[in-house]
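Novice: Just passing along the structure, written as structure tokens.
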Amino acid sequence: MHFPARLSMRQVLFCGAAVVTLSMGIRHGFGLWLQPITQAQGWTRETFAFALAVQNLAWGLFGVFAGMLADRFGAFRVLIGGAVLYALGLVGMALSPTPLLFALTAGVLIGAAQAGTTYAVVYGIIGRQIDPARRSWAMGVAAAAGSFGQFLMVPVEGFLIGGLGWQQSLLVLAALVLLIGPFAWGLREPGFTGGAPVQREQTIAQALREAFRYPSFQLLMAGYFVCGFQVVFIGVHMPSYLKDKGLSPQVASYALALIGLFNVFGTYAVGVLGQKLARRKILAAIYFGRSIAIVAFLWAPLTPMSVYLFSAVIGLLWLSTVPPTNATVAQIFGVAHLSMLSGFVFFSHQIGSFMGVWLGGLLYDRTGSYDIVWWLAVALGVFAALVNLPVREAPIRRGPLPQPA
């Protein structure tokens, strides 16, 4: 396999971080719209939660195909298409008069947009353009950028809702997300000009067969399912959980911002540690730590200070699973099909996201409480810690492969 001359590391990290900051920063604030939209439209929380559950599922499903396209034709085209879909989805989210249209725009369109503008695509660029010795660190930088986007954008989104109303705020974000386009220009990779595919030793079918038969790949997918369940449930439903308990909306906005701020440090630190320690042990510690943090949060008296402490701790562990998971996939299978394989792992993450956000709304409407889902998140965290421990990180040993046609 041969890749042409690489982009500079500084350019890749700056443009990639900017793309992830915009894409992830906007989506992390969607929980702030739950109560304004449901109250204005007369919908249940399950209606809103189902649309965001569809969004996460669509993100995972389309992420597989976005990864395939990015691996074959380069990330630039995928990023541009994703930015346009994102803007259209936000406009639709603002103007949809029925739950069905809301699910199609806030759900399917934005989900497809996120598939083309977030980690699977950006990490494919990092894998191809940055030396393996610094790959885990670089992925940590990109993940930290997504967290900084949350810290930066969530308060902005709360301010916009308070000042402009929920509909106008979404239209402002629709214009803002188009800034992904100029940063995508800086991520045009040599060798993909004109859509010319890079030569590879494996076909897509061979790469998929190899990955899905490999136990460690299956274990990484199982752990990532839990990651999706936990973070999306918390991100979407915690603002309403806090309001239900009598805390002000500002507490929820500050809590989500603190999660983003502390995850800047958490993801960067994990990216650095991933160059020195066994990533399977790092992942196990992250998942187990989340369970401990949730238990402490549920047992402690609920005050603004306890919320902020929980947000800081869970923030350190929030997206810190992303660099070691993707770096391990790259380490095992190489980078030729990295975006596609990362897309499949992320699809498992998004199935978990679907379950977390949808069950949160469903069980709240049925029981009037989020308690069942909180404790389910605790149990799943312990499960994820255990399944990551047997992962083998060494490069897979391949026999002679038939040459692709």
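Please note that chains go A, B, ... in the order of the structure tokens, that every chain numbers its residues from 1, and that ligands are numbered from 1 in the order shown.
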At a cut-off of 9 Å, using only C-alpha atoms, what residues contact Ala394 in chain A? Leave out same-chain residues fewer than 5 positions from it and give the result as a PDB file with N, CA, C and O atoms, in the first residue's frame.
Specialist:
```pdb
ATOM      1  N   THR A 328      -6.541   1.753  18.586  1.00  0.00           N
ATOM      2  CA  THR A 328      -6.407   0.302  18.649  1.00  0.00           C
ATOM      3  C   THR A 328      -6.846  -0.342  17.343  1.00  0.00           C
ATOM      4  O   THR A 328      -6.206  -1.277  16.849  1.00  0.00           O
ATOM      5  N   GLN A 331      -4.056   0.192  15.017  1.00  0.00           N
ATOM      6  CA  GLN A 331      -2.917  -0.644  15.373  1.00  0.00           C
ATOM      7  C   GLN A 331      -3.124  -2.086  14.916  1.00  0.00           C
ATOM      8  O   GLN A 331      -2.210  -2.737  14.420  1.00  0.00           O
ATOM      9  N   ILE A 332      -4.335  -2.600  15.062  1.00  0.00           N
ATOM     10  CA  ILE A 332      -4.607  -3.998  14.724  1.00  0.00           C
ATOM     11  C   ILE A 332      -4.667  -4.195  13.214  1.00  0.00           C
ATOM     12  O   ILE A 332      -4.038  -5.109  12.662  1.00  0.00           O
TER      13      ILE A 332
END
```
Novice: So which residues touch Ala112 in chain A within 12 Å, counting only C-alpha atoms, skipping near sequence neighbours fewer than 2 positions away, as a tab-separated table (two decimals) with C-alpha atoms, in the first residue's frame?
Specialist:
```
chain	number	residue	atom	x	y	z
A	23	SER	CA	-19.85	19.54	14.40
A	54	VAL	CA	-32.98	8.22	15.21
A	55	GLN	CA	-30.27	10.85	14.76
A	56	ASN	CA	-27.75	8.73	16.61
A	57	LEU	CA	-28.74	5.57	14.76
A	58	ALA	CA	-28.57	7.37	11.39
A	59	TRP	CA	-25.17	8.79	12.36
A	60	GLY	CA	-23.89	5.30	13.00
A	61	LEU	CA	-25.44	3.74	9.89
A	62	PHE	CA	-24.37	6.47	7.49
A	63	GLY	CA	-20.98	6.60	9.21
A	64	VAL	CA	-20.10	3.23	7.70
A	65	PHE	CA	-20.74	4.53	4.17
A	66	ALA	CA	-19.16	7.92	4.88
A	67	GLY	CA	-16.05	6.03	6.00
A	78	VAL	CA	-17.56	13.82	2.41
A	79	LEU	CA	-16.99	16.80	4.74
A	81	GLY	CA	-21.64	17.03	1.81
A	82	GLY	CA	-21.94	16.57	5.56
A	83	ALA	CA	-21.83	20.34	6.20
A	84	VAL	CA	-24.65	20.98	3.72
A	85	LEU	CA	-26.80	18.21	5.22
A	86	TYR	CA	-26.14	19.57	8.70
A	87	ALA	CA	-27.40	23.03	7.74
A	88	LEU	CA	-30.51	21.59	6.07
A	89	GLY	CA	-31.21	19.40	9.09
A	104	LEU	CA	-36.67	13.03	9.49
A	105	THR	CA	-34.80	16.34	9.82
A	106	ALA	CA	-33.45	16.39	13.38
A	107	GLY	CA	-33.05	12.63	13.13
A	108	VAL	CA	-32.09	11.31	9.70
A	109	LEU	CA	-30.63	14.45	8.07
A	110	ILE	CA	-28.54	15.61	11.01
A	114	GLN	CA	-22.67	14.04	11.62
A	115	ALA	CA	-21.49	10.84	9.94
A	116	GLY	CA	-19.67	12.95	7.38
A	117	THR	CA	-18.24	15.61	9.70
A	118	THR	CA	-17.03	13.86	12.86
```
Novice: Sort by chain and increasing residue number a table of all residues of range 187-244 of chain A within 12 Å of range 257-266 of chain A, each with its closest pair of atoms and their distance in Å to one decimal, counting only C-alpha atoms, and write it as CSV.
Specialist:
```
residue,atom,partner,partner_atom,distance
A:Val231,CA,A:Ile259,CA,10.3
A:Ile234,CA,A:Ile259,CA,10.4
A:Gly235,CA,A:Ile259,CA,9.2
A:Met238,CA,A:Ile259,CA,11.6
A:Pro239,CA,A:Ala257,CA,11.5
```
Novice: Find the residue from A:Ile26, A:Leu90, A:Leu220, A:Ile180 that sits nearest to Met153 in chain A; use only C-alpha atoms when measuring.
Specialist: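 Between A:Ile26, A:Leu90, A:Leu220, A:Ile180, the residue approaching Met153 in chain A most closely is A:Ile26.
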Novice: Taking the DSSP assignment computed from this structure's backbone, write out as a VMD selection string all residues of range 243-354 of chain A that belong to helix (DSSP H, G or I).
Specialist: chain A and resid 243 to 244 249 to 273 279 to 299 304 to 316 322 to 333 338 to 354
Novice: CA of Leu34 in chain A and CA of Leu52 in chain A, how far apart in Å?
Specialist: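 Distance reported for this atom pair: 9.9 Å.
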Novice: Produce a table with one row for each residue of range 105-189 of chain A that has an atom at most 8 Å from any atom of range 317-323 of chain A, each row naming the nearest atom pair and its distance in Å at one decimal; use only C-alpha atoms; arrange rows by chain and rising residue number; format as a tab-separated table.
Specialist:
```
residue	atom	partner	partner_atom	distance
A:Ser136	CA	A:Pro323	CA	6.1
A:Trp137	CA	A:Pro323	CA	7.9
A:Met139	CA	A:Pro323	CA	5.2
A:Gly140	CA	A:Pro323	CA	5.3
A:Ala143	CA	A:Leu319	CA	6.8
A:Ser147	CA	A:Leu319	CA	7.5
```
Novice: What does the structure give for the distance between CA of Phe346 in chain A and CA of Met24 in chain A, in Å to one decimal?
Specialist: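 Atom-to-atom, CA of Phe346 in chain A and CA of Met24 in chain A are spaced 14.5 Å apart.
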Novice: Looking at A:Trp43, A:Phe30, A:Phe151, A:Phe217, which one is nearest to Ala330 in chain A, with distances taken over only C-alpha atoms?
Specialist: A:Phe217
Novice: Just give me the gap between CA of Phe288 in chain A and CA of Glu393 in chain A in Å, one decimal is fine.
Specialist: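 Taking CA of Phe288 in chain A as the start and CA of Glu393 in chain A as the end point, the length is 20.0 Å.
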Novice: Go through A:Ala222, A:His337, A:Ala144, A:Asp131 and flag the residue nearest Thr203 in chain A, using only C-alpha atoms for the distances.
Specialist: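 Smallest distance to Thr203 in chain A is found for A:His337.
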Novice: Skipping near chain neighbours, those fewer than 3 positions away, what residues fall within 12 Å of range 374-377 of chain A using only C-alpha atoms, listed as an MDAnalysis selection string?
Specialist: chainID A and resid 225:234 237:238 241 287:299 352:353 355:357 359:360 363:364 369:371 380:384
Novice: Would you output that residue set with N, CA and C atoms, as a CSV table (one decimal), in the first residue's frame?
Specialist:
```csv
chain,number,residue,atom,x,y,z
A,225,PHE,N,-20.6,0.3,22.4
A,225,PHE,CA,-22.1,0.4,22.5
A,225,PHE,C,-22.4,1.1,23.9
A,226,VAL,N,-21.7,0.7,24.9
A,226,VAL,CA,-21.9,1.2,26.3
A,226,VAL,C,-21.6,2.7,26.3
A,227,CYS,N,-20.5,3.1,25.7
A,227,CYS,CA,-20.1,4.5,25.6
A,227,CYS,C,-21.2,5.3,25.0
A,228,GLY,N,-21.8,4.9,23.9
A,228,GLY,CA,-22.9,5.6,23.3
A,228,GLY,C,-24.1,5.7,24.2
A,229,PHE,N,-24.5,4.6,24.9
A,229,PHE,CA,-25.6,4.6,25.8
A,229,PHE,C,-25.4,5.7,26.9
A,230,GLN,N,-24.3,5.7,27.5
A,230,GLN,CA,-24.1,6.5,28.6
A,230,GLN,C,-24.0,8.0,28.3
A,231,VAL,N,-23.2,8.4,27.3
A,231,VAL,CA,-22.9,9.8,27.1
A,231,VAL,C,-24.1,10.5,26.4
A,232,VAL,N,-24.9,9.8,25.6
A,232,VAL,CA,-26.0,10.4,24.9
A,232,VAL,C,-27.2,10.5,25.9
A,233,PHE,N,-27.4,9.5,26.7
A,233,PHE,CA,-28.4,9.6,27.7
A,233,PHE,C,-28.2,10.8,28.6
A,234,ILE,N,-26.9,10.9,29.1
A,234,ILE,CA,-26.6,12.0,30.0
A,234,ILE,C,-26.7,13.4,29.3
A,237,HIS,N,-30.6,14.0,28.4
A,237,HIS,CA,-31.7,14.0,29.4
A,237,HIS,C,-31.2,14.7,30.7
A,238,MET,N,-29.9,14.9,31.0
A,238,MET,CA,-29.6,15.5,32.2
A,238,MET,C,-30.1,16.9,32.4
A,241,TYR,N,-33.5,16.4,33.6
A,241,TYR,CA,-33.5,15.8,35.0
A,241,TYR,C,-33.2,16.8,36.0
A,287,TYR,N,-14.4,3.2,31.6
A,287,TYR,CA,-15.8,2.7,31.8
A,287,TYR,C,-16.1,2.4,33.3
A,288,PHE,N,-15.2,1.8,34.0
A,288,PHE,CA,-15.4,1.6,35.4
A,288,PHE,C,-15.6,2.9,36.2
A,289,GLY,N,-14.7,3.9,35.8
A,289,GLY,CA,-14.8,5.2,36.5
A,289,GLY,C,-16.1,5.9,36.2
A,290,ARG,N,-16.7,5.7,35.0
A,290,ARG,CA,-18.0,6.3,34.8
A,290,ARG,C,-19.0,5.8,35.7
A,291,SER,N,-19.0,4.4,35.9
A,291,SER,CA,-20.0,3.8,36.8
A,291,SER,C,-19.9,4.4,38.2
A,292,ILE,N,-18.7,4.5,38.7
A,292,ILE,CA,-18.5,5.0,40.0
A,292,ILE,C,-19.0,6.4,40.1
A,293,ALA,N,-18.7,7.2,39.1
A,293,ALA,CA,-19.1,8.6,39.1
A,293,ALA,C,-20.6,8.8,39.2
A,294,ILE,N,-21.3,7.9,38.4
A,294,ILE,CA,-22.8,8.0,38.3
A,294,ILE,C,-23.4,7.6,39.7
A,295,VAL,N,-22.9,6.5,40.3
A,295,VAL,CA,-23.3,6.1,41.6
A,295,VAL,C,-23.2,7.2,42.6
A,296,ALA,N,-22.0,7.8,42.6
A,296,ALA,CA,-21.8,8.9,43.6
A,296,ALA,C,-22.8,10.1,43.4
A,297,PHE,N,-23.0,10.4,42.1
A,297,PHE,CA,-24.0,11.5,41.7
A,297,PHE,C,-25.4,11.2,42.2
A,298,LEU,N,-25.8,9.9,42.1
A,298,LEU,CA,-27.2,9.5,42.5
A,298,LEU,C,-27.3,9.5,44.0
A,299,TRP,N,-26.3,9.1,44.7
A,299,TRP,CA,-26.4,9.0,46.1
A,299,TRP,C,-26.2,10.3,46.9
A,352,GLY,N,-26.0,2.0,20.8
A,352,GLY,CA,-26.1,2.3,22.2
A,352,GLY,C,-26.7,3.7,22.5
A,353,SER,N,-26.3,4.7,21.7
A,353,SER,CA,-26.8,6.0,21.8
A,353,SER,C,-28.3,6.0,21.6
A,355,MET,N,-30.4,3.6,22.1
A,355,MET,CA,-31.1,3.0,23.2
A,355,MET,C,-31.1,3.9,24.4
A,356,GLY,N,-29.9,4.6,24.7
A,356,GLY,CA,-29.9,5.5,25.8
A,356,GLY,C,-30.8,6.6,25.8
A,357,VAL,N,-30.8,7.3,24.6
A,357,VAL,CA,-31.7,8.5,24.5
A,357,VAL,C,-33.2,8.1,24.5
A,359,LEU,N,-34.7,5.2,25.5
A,359,LEU,CA,-35.2,4.6,26.8
A,359,LEU,C,-35.3,5.7,27.8
A,360,GLY,N,-34.4,6.7,27.8
A,360,GLY,CA,-34.6,7.8,28.7
A,360,GLY,C,-35.9,8.5,28.6
A,363,LEU,N,-39.0,5.7,29.3
A,363,LEU,CA,-39.2,5.3,30.7
A,363,LEU,C,-39.6,6.5,31.6
A,364,TYR,N,-39.1,7.7,31.2
A,364,TYR,CA,-39.6,8.9,31.9
A,364,TYR,C,-41.1,9.0,31.7
A,369,SER,N,-39.8,9.1,36.0
A,369,SER,CA,-38.4,9.2,36.6
A,369,SER,C,-37.4,8.6,35.6
A,370,TYR,N,-36.2,9.1,35.8
A,370,TYR,CA,-35.0,8.6,35.0
A,370,TYR,C,-34.2,7.5,35.8
A,371,ASP,N,-34.7,7.1,36.9
A,371,ASP,CA,-33.9,6.3,37.8
A,371,ASP,C,-33.4,4.9,37.2
A,380,LEU,N,-24.0,-1.2,32.8
A,380,LEU,CA,-23.3,-1.3,31.5
A,380,LEU,C,-21.9,-0.9,31.6
A,381,GLY,N,-21.6,0.1,32.4
A,381,GLY,CA,-20.2,0.6,32.5
A,381,GLY,C,-19.3,-0.5,33.1
A,382,VAL,N,-19.8,-1.3,34.1
A,382,VAL,CA,-19.0,-2.4,34.6
A,382,VAL,C,-18.8,-3.5,33.5
A,383,PHE,N,-19.9,-3.7,32.8
A,383,PHE,CA,-19.8,-4.7,31.6
A,383,PHE,C,-18.7,-4.3,30.6
A,384,ALA,N,-18.7,-3.0,30.2
A,384,ALA,CA,-17.8,-2.5,29.2
A,384,ALA,C,-16.4,-2.6,29.8
```
